[in-house]
Each structure stands twice: as C-alpha cells, then as structure tokens.
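Working notes, beginning with the structure itself.
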Amino acid sequence: NPIINVPKEITGGFRDPTTAWKGSDGVWRLLVGCGNNVGTCQYKSKDFLAWTYVGQFHYHGTGMWECPDFYPLESGKYVLKASDSGDWWAVGEYKENADPSKPDSFVPSAADVHDNDQKYDFGTFYASKTFRDPKGNRHILFGWANYHCDDTNWAGIQTFPRTVASDPEDDTRIVTNPIVEIEKLRNTTVQEANVTVAPGA
C-alpha cells in the first residue's frame with residue numbers, strides 16, 4: 001500500500017482516509033481527517049502511489065473530524081460527512097481544481113457540517129461509511145453502533161444498511177431509508193398478548 005505522509009503542520013490528529021476518486025483530469029483525490037482546525041486534508045496523485053498533500057478541503061465548526069466521507073448525489077450535488085460527536089453532513093457544490101498542487105473546493109448549498117442538527121442518526125451511530133451499489137444505482141450507508149453490554153466480551157455492532165439519496169422536495173437535504181433487502185430477513189410473525197414489562201426490564 002502507498003505511504004501517505006502527515007503534513008508537518010498537522011499535529012492534532014490524522015486518520016481515516018476516504019475512498020479515493022478520480023477527477024475529470026485523470027488525477028486521483030483523497031480526503032483524510034485532520035486536527036488543528038483543518039477538518040479534511042486533501043491529497044492528489046497521478047498514479048495512485050505517490051500522494052501529495054495539497055491543502056485543506058473543508059472545515060466548519062470545532063473538533064477533530066474523524067471518518068470523513070464524500071460522495072455524489074443523483075441531483076449533481078455532493079455530500080460531505082464528518083464524525084465528531086455524531087455523524088454530521090452537508091450537501092453542496094463540488095468544484096475540481098485543475099492545479100495538481102491545489103485543493104478542490106466544496107461549498108455547502110445550505111447548512112454546513114455541525115449546523116441545524118444535520119446528523120444521519122440521533123441514536124448511537126458513528127464512524128459511518130457509504131458504498132456505491134452500481135447494480136442498484138444507489139449509495140448504501142453503514143454505521144457503527146458503539147454499544148457495550150455489561151458482562152459480555154463485545155462492544156459495538158454494525159447497523160442495518162440504509163440508502164442515502166437527495167431529498168426530492170429539497171436538494172440541499174438528504175433522505176435515508178433501510179434497504180429493501182432487509183425485508184427478506186423477516187420470517188414468521190410472533191405475537192404475544194397480555195405481557196407485562198416490569199420497570200427496568
């Protein structure tokens with residue numbers, strides 16, 4: 001695997017690269033979560049082996065942005081997501097910079113990351129990642145439910161996958177829904193009557 005050097009000015013955290021993507025100029029791009037109020041560091045590469053740090057891609061708010069994610073919507077806009085006390089997202093315009101030594105730009109179309117309670121989920125949900133499903137022509141989102149059960153040897157599970165799409169009523173927002181394949185996991189129906197659940201159960 002290629003080695004990506006940490007920028008000298010970044011000392012407050014450096015982790016969680018995104019999936020790389022190739023721009024219209026044939027140059028590969030990659031985002032990494034960075035501290036020092038940088039948010040997302042961007043790297044570029046012509047051969048997918050030698051990567052050059054080109055600068056800050058986007059940042060808003062506070063904290064170390066973990067597990068950044070970046071992907072296009074069917075509307076033509078893009079989603080930028082950052083994990084920082086929840087998984088925050090923003091929809092905006094993405095513009096490539098043809099200069100291989102300079103970062104591209106992302107400009108939110110409405111609320112930015114950390115604004116307006118724009119989280120994927122308000123439960124125990126973190127460090128999420130989308131995957132492109134070319135067969136279904138959709139983006140699939142997985143998250144981490146960081147949950148610990150006492151007297152067990154495990155902590156955390158992967159959530160049910162859900163789709164992410166542009167809101168048909170407002171293209172500055174997104175909608176998520178459980179993938180339809182989950183319905184195949186349902187078998188017989190279990191019904192109980194006259195059941196009392198004790199407090200604290």
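Starting from 1 in every chain, residues are counted up; chains themselves are A, B, ... following the order of the structure tokens, and ligands are numbered from 1 as listed.
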Which of region 6-119 of chain A DSSP labels strand (DSSP E), written as a PyMOL selection string | chain A and resi 14-15+21-22+28-34+39-45+52-58+66-72+78-83+87-95+105-108
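Of the residues listed (A:Lys81, A:Arg162, A:Arg138, A:Arg15), A:Lys81 shows the shortest atom-to-atom separation from His58 (chain A); distances use only C-alpha atoms.
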Could you name the residues that touch Asn116 (chain A) at 12 Å or less, counting only C-alpha atoms, but leaving out those on the same chain fewer than 2 positions away, as a ChimeraX atom specification?
-> /A:61,88-90,110-114,118-119,173
Would you list the contacts of region 70-80 of chain A as a PyMOL selection string, taking every protein, DNA or RNA residue within 7 Å and counting only C-alpha atoms, but skipping same-chain residues closer than 6 positions in sequence?
-> chain A and resi 89-94+165-166+171
Write to file, as a compact mmCIF listing (two decimals), in the first residue's frame, the residues of the selection just made, with N, CA and C atoms.
```
# COMPACT_ATOMS: atom_id res chain seq x y z
N TRP A 89 -23.51 15.97 8.35
CA TRP A 89 -23.40 16.02 6.90
C TRP A 89 -23.80 17.40 6.38
N ALA A 90 -23.34 17.67 5.17
CA ALA A 90 -23.76 18.88 4.44
C ALA A 90 -23.82 18.54 2.97
N VAL A 91 -24.78 19.11 2.28
CA VAL A 91 -24.92 18.96 0.83
C VAL A 91 -24.41 20.23 0.18
N GLY A 92 -23.62 20.09 -0.89
CA GLY A 92 -23.09 21.29 -1.52
C GLY A 92 -22.55 21.06 -2.91
N GLU A 93 -21.91 22.11 -3.41
CA GLU A 93 -21.33 22.09 -4.75
C GLU A 93 -19.84 21.75 -4.65
N TYR A 94 -19.43 20.84 -5.51
CA TYR A 94 -18.03 20.42 -5.56
C TYR A 94 -17.41 20.91 -6.86
N ALA A 165 -30.08 9.34 -0.36
CA ALA A 165 -30.46 9.96 -1.63
C ALA A 165 -30.81 11.43 -1.40
N SER A 166 -30.84 12.17 -2.48
CA SER A 166 -31.24 13.57 -2.42
C SER A 166 -32.73 13.67 -2.10
N ASP A 171 -33.22 19.79 -2.62
CA ASP A 171 -31.95 19.16 -2.98
C ASP A 171 -30.77 19.62 -2.13
```
Compile the contact shell of Trp51 (chain A) as a PyMOL selection string: residues with an atom at most 10 Å away, counting only C-alpha atoms, same-chain residues fewer than 2 positions apart removed.
-> chain A and resi 2-5+28-30+42-49+53-54
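The shortest atom-to-atom distance to Arg132 (chain A), with only C-alpha atoms taken into account, belongs to A:Val164 out of A:Val164, A:Ala50, A:Ile10, A:Val107.
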Who sits within 12 Å of Cys34 (chain A), only C-alpha atoms, same chain under 3 positions skipped, as a PDB file with all heavy atoms, in the first residue's frame:
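The resulting file, around_22.pdb, is shown below:
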```
ATOM      1  N   VAL A   6       2.180  12.574   6.814  1.00  0.00           N
ATOM      2  CA  VAL A   6       1.386  13.536   7.565  1.00  0.00           C
ATOM      3  C   VAL A   6       1.954  14.935   7.312  1.00  0.00           C
ATOM      4  O   VAL A   6       3.167  15.131   7.398  1.00  0.00           O
ATOM      5  CB  VAL A   6       1.428  13.232   9.072  1.00  0.00           C
ATOM      6  CG1 VAL A   6       0.585  14.240   9.848  1.00  0.00           C
ATOM      7  CG2 VAL A   6       0.965  11.814   9.347  1.00  0.00           C
ATOM      8  N   PRO A   7       1.101  15.917   6.985  1.00  0.00           N
ATOM      9  CA  PRO A   7       1.601  17.288   6.808  1.00  0.00           C
ATOM     10  C   PRO A   7       2.294  17.782   8.078  1.00  0.00           C
ATOM     11  O   PRO A   7       1.852  17.490   9.192  1.00  0.00           O
ATOM     12  CB  PRO A   7       0.330  18.098   6.521  1.00  0.00           C
ATOM     13  CG  PRO A   7      -0.649  17.095   6.002  1.00  0.00           C
ATOM     14  CD  PRO A   7      -0.343  15.821   6.722  1.00  0.00           C
ATOM     15  N   LYS A   8       3.368  18.531   7.913  1.00  0.00           N
ATOM     16  CA  LYS A   8       4.140  18.995   9.065  1.00  0.00           C
ATOM     17  C   LYS A   8       3.299  19.835  10.022  1.00  0.00           C
ATOM     18  O   LYS A   8       3.514  19.826  11.230  1.00  0.00           O
ATOM     19  CB  LYS A   8       5.346  19.791   8.581  1.00  0.00           C
ATOM     20  CG  LYS A   8       6.371  18.957   7.829  1.00  0.00           C
ATOM     21  CD  LYS A   8       7.551  19.807   7.382  1.00  0.00           C
ATOM     22  CE  LYS A   8       8.577  18.963   6.634  1.00  0.00           C
ATOM     23  NZ  LYS A   8       9.731  19.784   6.177  1.00  0.00           N
ATOM     24  N   GLU A   9       2.336  20.589   9.463  1.00  0.00           N
ATOM     25  CA  GLU A   9       1.545  21.481  10.311  1.00  0.00           C
ATOM     26  C   GLU A   9       0.418  20.771  11.043  1.00  0.00           C
ATOM     27  O   GLU A   9      -0.272  21.375  11.872  1.00  0.00           O
ATOM     28  CB  GLU A   9       0.963  22.632   9.478  1.00  0.00           C
ATOM     29  CG  GLU A   9       0.027  22.203   8.367  1.00  0.00           C
ATOM     30  CD  GLU A   9       0.716  21.987   7.029  1.00  0.00           C
ATOM     31  OE1 GLU A   9       1.875  21.532   7.042  1.00  0.00           O
ATOM     32  OE2 GLU A   9       0.108  22.275   5.994  1.00  0.00           O
ATOM     33  N   ILE A  10       0.209  19.491  10.761  1.00  0.00           N
ATOM     34  CA  ILE A  10      -0.863  18.734  11.408  1.00  0.00           C
ATOM     35  C   ILE A  10      -0.285  17.922  12.559  1.00  0.00           C
ATOM     36  O   ILE A  10       0.469  16.980  12.366  1.00  0.00           O
ATOM     37  CB  ILE A  10      -1.567  17.800  10.405  1.00  0.00           C
ATOM     38  CG1 ILE A  10      -2.143  18.598   9.239  1.00  0.00           C
ATOM     39  CG2 ILE A  10      -2.661  17.009  11.109  1.00  0.00           C
ATOM     40  CD1 ILE A  10      -3.165  19.626   9.631  1.00  0.00           C
ATOM     41  N   THR A  11      -0.646  18.302  13.787  1.00  0.00           N
ATOM     42  CA  THR A  11      -0.172  17.597  14.980  1.00  0.00           C
ATOM     43  C   THR A  11      -1.321  17.125  15.860  1.00  0.00           C
ATOM     44  O   THR A  11      -1.107  16.380  16.806  1.00  0.00           O
ATOM     45  CB  THR A  11       0.746  18.519  15.813  1.00  0.00           C
ATOM     46  OG1 THR A  11       0.007  19.697  16.192  1.00  0.00           O
ATOM     47  CG2 THR A  11       1.977  18.930  15.026  1.00  0.00           C
ATOM     48  N   GLY A  12      -2.540  17.546  15.548  1.00  0.00           N
ATOM     49  CA  GLY A  12      -3.675  17.248  16.419  1.00  0.00           C
ATOM     50  C   GLY A  12      -4.552  16.116  15.968  1.00  0.00           C
ATOM     51  O   GLY A  12      -5.711  16.037  16.352  1.00  0.00           O
ATOM     52  N   GLY A  13      -4.046  15.216  15.136  1.00  0.00           N
ATOM     53  CA  GLY A  13      -4.840  14.093  14.664  1.00  0.00           C
ATOM     54  C   GLY A  13      -4.735  13.939  13.165  1.00  0.00           C
ATOM     55  O   GLY A  13      -4.750  14.931  12.417  1.00  0.00           O
ATOM     56  N   PHE A  14      -4.630  12.692  12.704  1.00  0.00           N
ATOM     57  CA  PHE A  14      -4.512  12.415  11.267  1.00  0.00           C
ATOM     58  C   PHE A  14      -4.922  10.965  11.056  1.00  0.00           C
ATOM     59  O   PHE A  14      -4.201  10.051  11.419  1.00  0.00           O
ATOM     60  CB  PHE A  14      -3.067  12.642  10.805  1.00  0.00           C
ATOM     61  CG  PHE A  14      -2.835  12.381   9.336  1.00  0.00           C
ATOM     62  CD1 PHE A  14      -3.127  13.357   8.397  1.00  0.00           C
ATOM     63  CD2 PHE A  14      -2.320  11.171   8.903  1.00  0.00           C
ATOM     64  CE1 PHE A  14      -2.910  13.125   7.034  1.00  0.00           C
ATOM     65  CE2 PHE A  14      -2.108  10.928   7.553  1.00  0.00           C
ATOM     66  CZ  PHE A  14      -2.396  11.916   6.627  1.00  0.00           C
ATOM     67  N   ARG A  15      -6.122  10.756  10.493  1.00  0.00           N
ATOM     68  CA  ARG A  15      -6.598   9.378  10.350  1.00  0.00           C
ATOM     69  C   ARG A  15      -7.837   9.300   9.450  1.00  0.00           C
ATOM     70  O   ARG A  15      -8.418  10.293   9.071  1.00  0.00           O
ATOM     71  CB  ARG A  15      -6.926   8.769  11.713  1.00  0.00           C
ATOM     72  CG  ARG A  15      -7.919   9.564  12.566  1.00  0.00           C
ATOM     73  CD  ARG A  15      -8.036   8.938  13.939  1.00  0.00           C
ATOM     74  NE  ARG A  15      -8.874   9.691  14.846  1.00  0.00           N
ATOM     75  CZ  ARG A  15      -8.439  10.687  15.628  1.00  0.00           C
ATOM     76  NH1 ARG A  15      -7.165  11.052  15.572  1.00  0.00           N
ATOM     77  NH2 ARG A  15      -9.267  11.313  16.447  1.00  0.00           N
ATOM     78  N   ASP A  16      -8.205   8.063   9.124  1.00  0.00           N
ATOM     79  CA  ASP A  16      -9.476   7.738   8.470  1.00  0.00           C
ATOM     80  C   ASP A  16      -9.590   8.281   7.045  1.00  0.00           C
ATOM     81  O   ASP A  16     -10.439   9.136   6.744  1.00  0.00           O
ATOM     82  CB  ASP A  16     -10.657   8.255   9.289  1.00  0.00           C
ATOM     83  CG  ASP A  16     -10.594   7.836  10.741  1.00  0.00           C
ATOM     84  OD1 ASP A  16     -10.079   6.739  11.013  1.00  0.00           O
ATOM     85  OD2 ASP A  16     -11.066   8.595  11.606  1.00  0.00           O
ATOM     86  N   PRO A  17      -8.773   7.792   6.101  1.00  0.00           N
ATOM     87  CA  PRO A  17      -8.897   8.262   4.714  1.00  0.00           C
ATOM     88  C   PRO A  17     -10.213   7.834   4.080  1.00  0.00           C
ATOM     89  O   PRO A  17     -10.777   6.790   4.417  1.00  0.00           O
ATOM     90  CB  PRO A  17      -7.705   7.600   4.007  1.00  0.00           C
ATOM     91  CG  PRO A  17      -7.434   6.361   4.817  1.00  0.00           C
ATOM     92  CD  PRO A  17      -7.734   6.757   6.247  1.00  0.00           C
ATOM     93  N   LEU A  31      -9.390  12.273   0.743  1.00  0.00           N
ATOM     94  CA  LEU A  31      -9.519  13.122   1.923  1.00  0.00           C
ATOM     95  C   LEU A  31      -9.112  12.333   3.169  1.00  0.00           C
ATOM     96  O   LEU A  31      -9.346  11.122   3.248  1.00  0.00           O
ATOM     97  CB  LEU A  31     -10.956  13.616   2.096  1.00  0.00           C
ATOM     98  CG  LEU A  31     -11.581  14.402   0.948  1.00  0.00           C
ATOM     99  CD1 LEU A  31     -13.006  14.807   1.309  1.00  0.00           C
ATOM    100  CD2 LEU A  31     -10.737  15.613   0.597  1.00  0.00           C
ATOM    101  N   ASN A  37      -7.820  22.250  13.474  1.00  0.00           N
ATOM    102  CA  ASN A  37      -8.844  23.054  12.806  1.00  0.00           C
ATOM    103  C   ASN A  37      -8.697  23.048  11.282  1.00  0.00           C
ATOM    104  O   ASN A  37      -8.949  24.054  10.620  1.00  0.00           O
ATOM    105  CB  ASN A  37      -8.813  24.498  13.318  1.00  0.00           C
ATOM    106  CG  ASN A  37      -9.193  24.596  14.778  1.00  0.00           C
ATOM    107  OD1 ASN A  37     -10.056  23.860  15.243  1.00  0.00           O
ATOM    108  ND2 ASN A  37      -8.548  25.482  15.515  1.00  0.00           N
ATOM    109  N   VAL A  38      -8.315  21.907  10.753  1.00  0.00           N
ATOM    110  CA  VAL A  38      -8.226  21.740   9.299  1.00  0.00           C
ATOM    111  C   VAL A  38      -9.424  20.959   8.779  1.00  0.00           C
ATOM    112  O   VAL A  38      -9.918  21.195   7.686  1.00  0.00           O
ATOM    113  CB  VAL A  38      -6.899  21.050   8.897  1.00  0.00           C
ATOM    114  CG1 VAL A  38      -6.874  20.728   7.404  1.00  0.00           C
ATOM    115  CG2 VAL A  38      -5.718  21.944   9.256  1.00  0.00           C
ATOM    116  N   GLY A  39      -9.914  20.014   9.568  1.00  0.00           N
ATOM    117  CA  GLY A  39     -11.095  19.244   9.170  1.00  0.00           C
ATOM    118  C   GLY A  39     -10.760  18.123   8.223  1.00  0.00           C
ATOM    119  O   GLY A  39     -10.613  16.972   8.614  1.00  0.00           O
ATOM    120  N   THR A  40     -10.651  18.464   6.941  1.00  0.00           N
ATOM    121  CA  THR A  40     -10.314  17.466   5.936  1.00  0.00           C
ATOM    122  C   THR A  40      -9.101  17.915   5.141  1.00  0.00           C
ATOM    123  O   THR A  40      -9.106  18.971   4.503  1.00  0.00           O
ATOM    124  CB  THR A  40     -11.485  17.214   4.966  1.00  0.00           C
ATOM    125  OG1 THR A  40     -12.054  18.476   4.566  1.00  0.00           O
ATOM    126  CG2 THR A  40     -12.565  16.367   5.619  1.00  0.00           C
ATOM    127  N   CYS A  41      -8.049  17.120   5.188  1.00  0.00           N
ATOM    128  CA  CYS A  41      -6.859  17.335   4.359  1.00  0.00           C
ATOM    129  C   CYS A  41      -7.093  16.662   3.011  1.00  0.00           C
ATOM    130  O   CYS A  41      -7.633  15.556   2.957  1.00  0.00           O
ATOM    131  CB  CYS A  41      -5.635  16.694   5.001  1.00  0.00           C
ATOM    132  SG  CYS A  41      -5.117  17.382   6.572  1.00  0.00           S
ATOM    133  N   GLN A  42      -6.684  17.308   1.930  1.00  0.00           N
ATOM    134  CA  GLN A  42      -6.828  16.678   0.621  1.00  0.00           C
ATOM    135  C   GLN A  42      -5.462  16.320   0.040  1.00  0.00           C
ATOM    136  O   GLN A  42      -4.492  17.080   0.145  1.00  0.00           O
ATOM    137  CB  GLN A  42      -7.565  17.574  -0.371  1.00  0.00           C
ATOM    138  CG  GLN A  42      -7.830  16.837  -1.693  1.00  0.00           C
ATOM    139  CD  GLN A  42      -8.733  17.596  -2.646  1.00  0.00           C
ATOM    140  OE1 GLN A  42      -8.694  18.808  -2.725  1.00  0.00           O
ATOM    141  NE2 GLN A  42      -9.561  16.861  -3.371  1.00  0.00           N
ATOM    142  N   TYR A  43      -5.438  15.146  -0.568  1.00  0.00           N
ATOM    143  CA  TYR A  43      -4.256  14.655  -1.267  1.00  0.00           C
ATOM    144  C   TYR A  43      -4.615  14.390  -2.725  1.00  0.00           C
ATOM    145  O   TYR A  43      -5.762  14.074  -3.042  1.00  0.00           O
ATOM    146  CB  TYR A  43      -3.753  13.353  -0.632  1.00  0.00           C
ATOM    147  CG  TYR A  43      -3.066  13.542   0.694  1.00  0.00           C
ATOM    148  CD1 TYR A  43      -3.806  13.765   1.844  1.00  0.00           C
ATOM    149  CD2 TYR A  43      -1.682  13.507   0.794  1.00  0.00           C
ATOM    150  CE1 TYR A  43      -3.182  13.952   3.070  1.00  0.00           C
ATOM    151  CE2 TYR A  43      -1.039  13.692   2.011  1.00  0.00           C
ATOM    152  CZ  TYR A  43      -1.797  13.907   3.142  1.00  0.00           C
ATOM    153  OH  TYR A  43      -1.185  14.102   4.345  1.00  0.00           O
ATOM    154  N   TYR A  53       0.118  16.155  -0.452  1.00  0.00           N
ATOM    155  CA  TYR A  53      -0.819  16.973   0.311  1.00  0.00           C
ATOM    156  C   TYR A  53      -0.972  18.321  -0.379  1.00  0.00           C
ATOM    157  O   TYR A  53       0.012  19.015  -0.636  1.00  0.00           O
ATOM    158  CB  TYR A  53      -0.302  17.167   1.738  1.00  0.00           C
ATOM    159  CG  TYR A  53      -1.112  18.131   2.559  1.00  0.00           C
ATOM    160  CD1 TYR A  53      -2.469  17.911   2.786  1.00  0.00           C
ATOM    161  CD2 TYR A  53      -0.525  19.263   3.134  1.00  0.00           C
ATOM    162  CE1 TYR A  53      -3.225  18.791   3.548  1.00  0.00           C
ATOM    163  CE2 TYR A  53      -1.270  20.150   3.907  1.00  0.00           C
ATOM    164  CZ  TYR A  53      -2.618  19.906   4.102  1.00  0.00           C
ATOM    165  OH  TYR A  53      -3.367  20.781   4.851  1.00  0.00           O
ATOM    166  N   GLY A  55      -3.579  20.652   0.624  1.00  0.00           N
ATOM    167  CA  GLY A  55      -4.191  21.663   1.483  1.00  0.00           C
ATOM    168  C   GLY A  55      -5.519  21.244   2.090  1.00  0.00           C
ATOM    169  O   GLY A  55      -5.975  20.107   1.933  1.00  0.00           O
ATOM    170  N   GLN A  56      -6.131  22.194   2.758  1.00  0.00           N
ATOM    171  CA  GLN A  56      -7.418  21.966   3.414  1.00  0.00           C
ATOM    172  C   GLN A  56      -8.529  21.891   2.378  1.00  0.00           C
ATOM    173  O   GLN A  56      -8.625  22.735   1.492  1.00  0.00           O
ATOM    174  CB  GLN A  56      -7.705  23.094   4.389  1.00  0.00           C
ATOM    175  CG  GLN A  56      -9.012  22.961   5.144  1.00  0.00           C
ATOM    176  CD  GLN A  56      -9.325  24.186   5.992  1.00  0.00           C
ATOM    177  OE1 GLN A  56      -9.408  25.291   5.466  1.00  0.00           O
ATOM    178  NE2 GLN A  56      -9.468  23.983   7.286  1.00  0.00           N
ATOM    179  N   PHE A  57      -9.387  20.871   2.520  1.00  0.00           N
ATOM    180  CA  PHE A  57     -10.537  20.740   1.626  1.00  0.00           C
ATOM    181  C   PHE A  57     -11.735  21.501   2.175  1.00  0.00           C
ATOM    182  O   PHE A  57     -12.307  22.343   1.508  1.00  0.00           O
ATOM    183  CB  PHE A  57     -10.875  19.260   1.431  1.00  0.00           C
ATOM    184  CG  PHE A  57     -12.035  19.010   0.507  1.00  0.00           C
ATOM    185  CD1 PHE A  57     -11.904  19.227  -0.860  1.00  0.00           C
ATOM    186  CD2 PHE A  57     -13.250  18.544   0.995  1.00  0.00           C
ATOM    187  CE1 PHE A  57     -12.973  18.991  -1.718  1.00  0.00           C
ATOM    188  CE2 PHE A  57     -14.318  18.305   0.144  1.00  0.00           C
ATOM    189  CZ  PHE A  57     -14.177  18.534  -1.219  1.00  0.00           C
ATOM    190  N   HIS A  58     -12.110  21.214   3.433  1.00  0.00           N
ATOM    191  CA  HIS A  58     -13.238  21.927   4.035  1.00  0.00           C
ATOM    192  C   HIS A  58     -13.233  21.705   5.534  1.00  0.00           C
ATOM    193  O   HIS A  58     -12.852  20.643   6.024  1.00  0.00           O
ATOM    194  CB  HIS A  58     -14.565  21.445   3.450  1.00  0.00           C
ATOM    195  CG  HIS A  58     -15.737  22.290   3.877  1.00  0.00           C
ATOM    196  ND1 HIS A  58     -15.967  23.554   3.397  1.00  0.00           N
ATOM    197  CD2 HIS A  58     -16.741  22.049   4.771  1.00  0.00           C
ATOM    198  CE1 HIS A  58     -17.050  24.061   3.949  1.00  0.00           C
ATOM    199  NE2 HIS A  58     -17.539  23.173   4.795  1.00  0.00           N
ATOM    200  N   TYR A  59     -13.705  22.727   6.262  1.00  0.00           N
ATOM    201  CA  TYR A  59     -13.846  22.624   7.706  1.00  0.00           C
ATOM    202  C   TYR A  59     -14.855  23.658   8.172  1.00  0.00           C
ATOM    203  O   TYR A  59     -14.936  24.760   7.629  1.00  0.00           O
ATOM    204  CB  TYR A  59     -12.505  22.872   8.406  1.00  0.00           C
ATOM    205  CG  TYR A  59     -12.548  22.682   9.911  1.00  0.00           C
ATOM    206  CD1 TYR A  59     -12.802  21.438  10.455  1.00  0.00           C
ATOM    207  CD2 TYR A  59     -12.320  23.755  10.767  1.00  0.00           C
ATOM    208  CE1 TYR A  59     -12.836  21.262  11.836  1.00  0.00           C
ATOM    209  CE2 TYR A  59     -12.348  23.578  12.151  1.00  0.00           C
ATOM    210  CZ  TYR A  59     -12.607  22.327  12.678  1.00  0.00           C
ATOM    211  OH  TYR A  59     -12.650  22.149  14.035  1.00  0.00           O
ATOM    212  N   THR A  62     -16.075  22.913  15.099  1.00  0.00           N
ATOM    213  CA  THR A  62     -14.969  22.620  16.001  1.00  0.00           C
ATOM    214  C   THR A  62     -14.666  21.138  15.982  1.00  0.00           C
ATOM    215  O   THR A  62     -15.400  20.343  15.401  1.00  0.00           O
ATOM    216  CB  THR A  62     -15.315  23.038  17.446  1.00  0.00           C
ATOM    217  OG1 THR A  62     -16.477  22.301  17.869  1.00  0.00           O
ATOM    218  CG2 THR A  62     -15.583  24.529  17.548  1.00  0.00           C
ATOM    219  N   GLY A  63     -13.588  20.772  16.657  1.00  0.00           N
ATOM    220  CA  GLY A  63     -13.276  19.365  16.867  1.00  0.00           C
ATOM    221  C   GLY A  63     -12.464  18.732  15.758  1.00  0.00           C
ATOM    222  O   GLY A  63     -12.226  19.303  14.701  1.00  0.00           O
ATOM    223  N   MET A  64     -12.023  17.517  16.050  1.00  0.00           N
ATOM    224  CA  MET A  64     -11.295  16.687  15.101  1.00  0.00           C
ATOM    225  C   MET A  64     -12.291  15.930  14.242  1.00  0.00           C
ATOM    226  O   MET A  64     -13.156  15.228  14.756  1.00  0.00           O
ATOM    227  CB  MET A  64     -10.402  15.696  15.876  1.00  0.00           C
ATOM    228  CG  MET A  64      -9.879  14.533  15.079  1.00  0.00           C
ATOM    229  SD  MET A  64      -8.640  15.001  13.861  1.00  0.00           S
ATOM    230  CE  MET A  64      -8.611  13.517  12.842  1.00  0.00           C
ATOM    231  N   TRP A  65     -12.219  16.102  12.934  1.00  0.00           N
ATOM    232  CA  TRP A  65     -13.139  15.420  12.025  1.00  0.00           C
ATOM    233  C   TRP A  65     -12.621  14.020  11.738  1.00  0.00           C
ATOM    234  O   TRP A  65     -11.660  13.838  10.997  1.00  0.00           O
ATOM    235  CB  TRP A  65     -13.282  16.204  10.729  1.00  0.00           C
ATOM    236  CG  TRP A  65     -14.187  17.383  10.847  1.00  0.00           C
ATOM    237  CD1 TRP A  65     -14.617  17.984  11.983  1.00  0.00           C
ATOM    238  CD2 TRP A  65     -14.775  18.121   9.766  1.00  0.00           C
ATOM    239  NE1 TRP A  65     -15.448  19.044  11.690  1.00  0.00           N
ATOM    240  CE2 TRP A  65     -15.557  19.144  10.340  1.00  0.00           C
ATOM    241  CE3 TRP A  65     -14.715  18.014   8.377  1.00  0.00           C
ATOM    242  CZ2 TRP A  65     -16.276  20.064   9.566  1.00  0.00           C
ATOM    243  CZ3 TRP A  65     -15.426  18.917   7.614  1.00  0.00           C
ATOM    244  CH2 TRP A  65     -16.204  19.930   8.203  1.00  0.00           C
ATOM    245  N   GLU A  66     -13.291  13.030  12.313  1.00  0.00           N
ATOM    246  CA  GLU A  66     -12.937  11.638  12.065  1.00  0.00           C
ATOM    247  C   GLU A  66     -13.784  11.091  10.911  1.00  0.00           C
ATOM    248  O   GLU A  66     -14.843  11.599  10.589  1.00  0.00           O
ATOM    249  CB  GLU A  66     -13.174  10.801  13.319  1.00  0.00           C
ATOM    250  CG  GLU A  66     -12.333  11.209  14.511  1.00  0.00           C
ATOM    251  CD  GLU A  66     -12.572  10.301  15.703  1.00  0.00           C
ATOM    252  OE1 GLU A  66     -13.702  10.286  16.224  1.00  0.00           O
ATOM    253  OE2 GLU A  66     -11.616   9.618  16.102  1.00  0.00           O
ATOM    254  N   CYS A  67     -13.280  10.031  10.322  1.00  0.00           N
ATOM    255  CA  CYS A  67     -14.030   9.253   9.327  1.00  0.00           C
ATOM    256  C   CYS A  67     -14.756  10.115   8.300  1.00  0.00           C
ATOM    257  O   CYS A  67     -15.968   9.958   8.088  1.00  0.00           O
ATOM    258  CB  CYS A  67     -15.030   8.349  10.022  1.00  0.00           C
ATOM    259  SG  CYS A  67     -14.306   7.294  11.294  1.00  0.00           S
ATOM    260  N   PRO A  68     -14.067  11.036   7.622  1.00  0.00           N
ATOM    261  CA  PRO A  68     -14.763  11.832   6.610  1.00  0.00           C
ATOM    262  C   PRO A  68     -15.265  10.944   5.473  1.00  0.00           C
ATOM    263  O   PRO A  68     -14.698   9.890   5.196  1.00  0.00           O
ATOM    264  CB  PRO A  68     -13.685  12.812   6.123  1.00  0.00           C
ATOM    265  CG  PRO A  68     -12.391  12.124   6.413  1.00  0.00           C
ATOM    266  CD  PRO A  68     -12.623  11.351   7.677  1.00  0.00           C
ATOM    267  N   ALA A  82     -18.711  14.280   8.297  1.00  0.00           N
ATOM    268  CA  ALA A  82     -17.626  14.187   9.273  1.00  0.00           C
ATOM    269  C   ALA A  82     -18.170  13.619  10.573  1.00  0.00           C
ATOM    270  O   ALA A  82     -19.293  13.922  10.975  1.00  0.00           O
ATOM    271  CB  ALA A  82     -17.001  15.558   9.517  1.00  0.00           C
ATOM    272  N   SER A  83     -17.367  12.785  11.226  1.00  0.00           N
ATOM    273  CA  SER A  83     -17.753  12.213  12.516  1.00  0.00           C
ATOM    274  C   SER A  83     -17.084  12.998  13.635  1.00  0.00           C
ATOM    275  O   SER A  83     -15.853  13.049  13.719  1.00  0.00           O
ATOM    276  CB  SER A  83     -17.333  10.743  12.588  1.00  0.00           C
ATOM    277  OG  SER A  83     -17.996   9.974  11.603  1.00  0.00           O
ATOM    278  N   ASP A  84     -17.904  13.618  14.464  1.00  0.00           N
ATOM    279  CA  ASP A  84     -17.410  14.406  15.601  1.00  0.00           C
ATOM    280  C   ASP A  84     -18.573  14.586  16.566  1.00  0.00           C
ATOM    281  O   ASP A  84     -19.408  15.465  16.368  1.00  0.00           O
ATOM    282  CB  ASP A  84     -16.875  15.763  15.130  1.00  0.00           C
ATOM    283  CG  ASP A  84     -16.445  16.658  16.279  1.00  0.00           C
ATOM    284  OD1 ASP A  84     -16.022  16.112  17.316  1.00  0.00           O
ATOM    285  OD2 ASP A  84     -16.548  17.894  16.155  1.00  0.00           O
TER     286      ASP A  84
END
```
Which of these, A:Ser85, A:Thr130, A:Asn153, A:Thr172, has the shortest distance to Pro108 (chain A) once you count only C-alpha atoms?
->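 Nearest candidate to Pro108 (chain A) out of A:Ser85, A:Thr130, A:Asn153, A:Thr172: A:Thr172.
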Which one is closest to Ile179 (chain A): A:Cys149, A:Ile140, A:Val195, A:Ala127? Count only C-alpha atoms.
-> A:Ile140
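Across the structure, CA of Pro168 (chain A) and CA of Ser128 (chain A) are spaced 23.1 Å apart.
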Using only C-alpha atoms, pick whichever of A:His60, A:Phe106, A:Val175, A:Phe160 has the shortest atom-to-atom distance to Tyr120 (chain A).
-> A:Val175
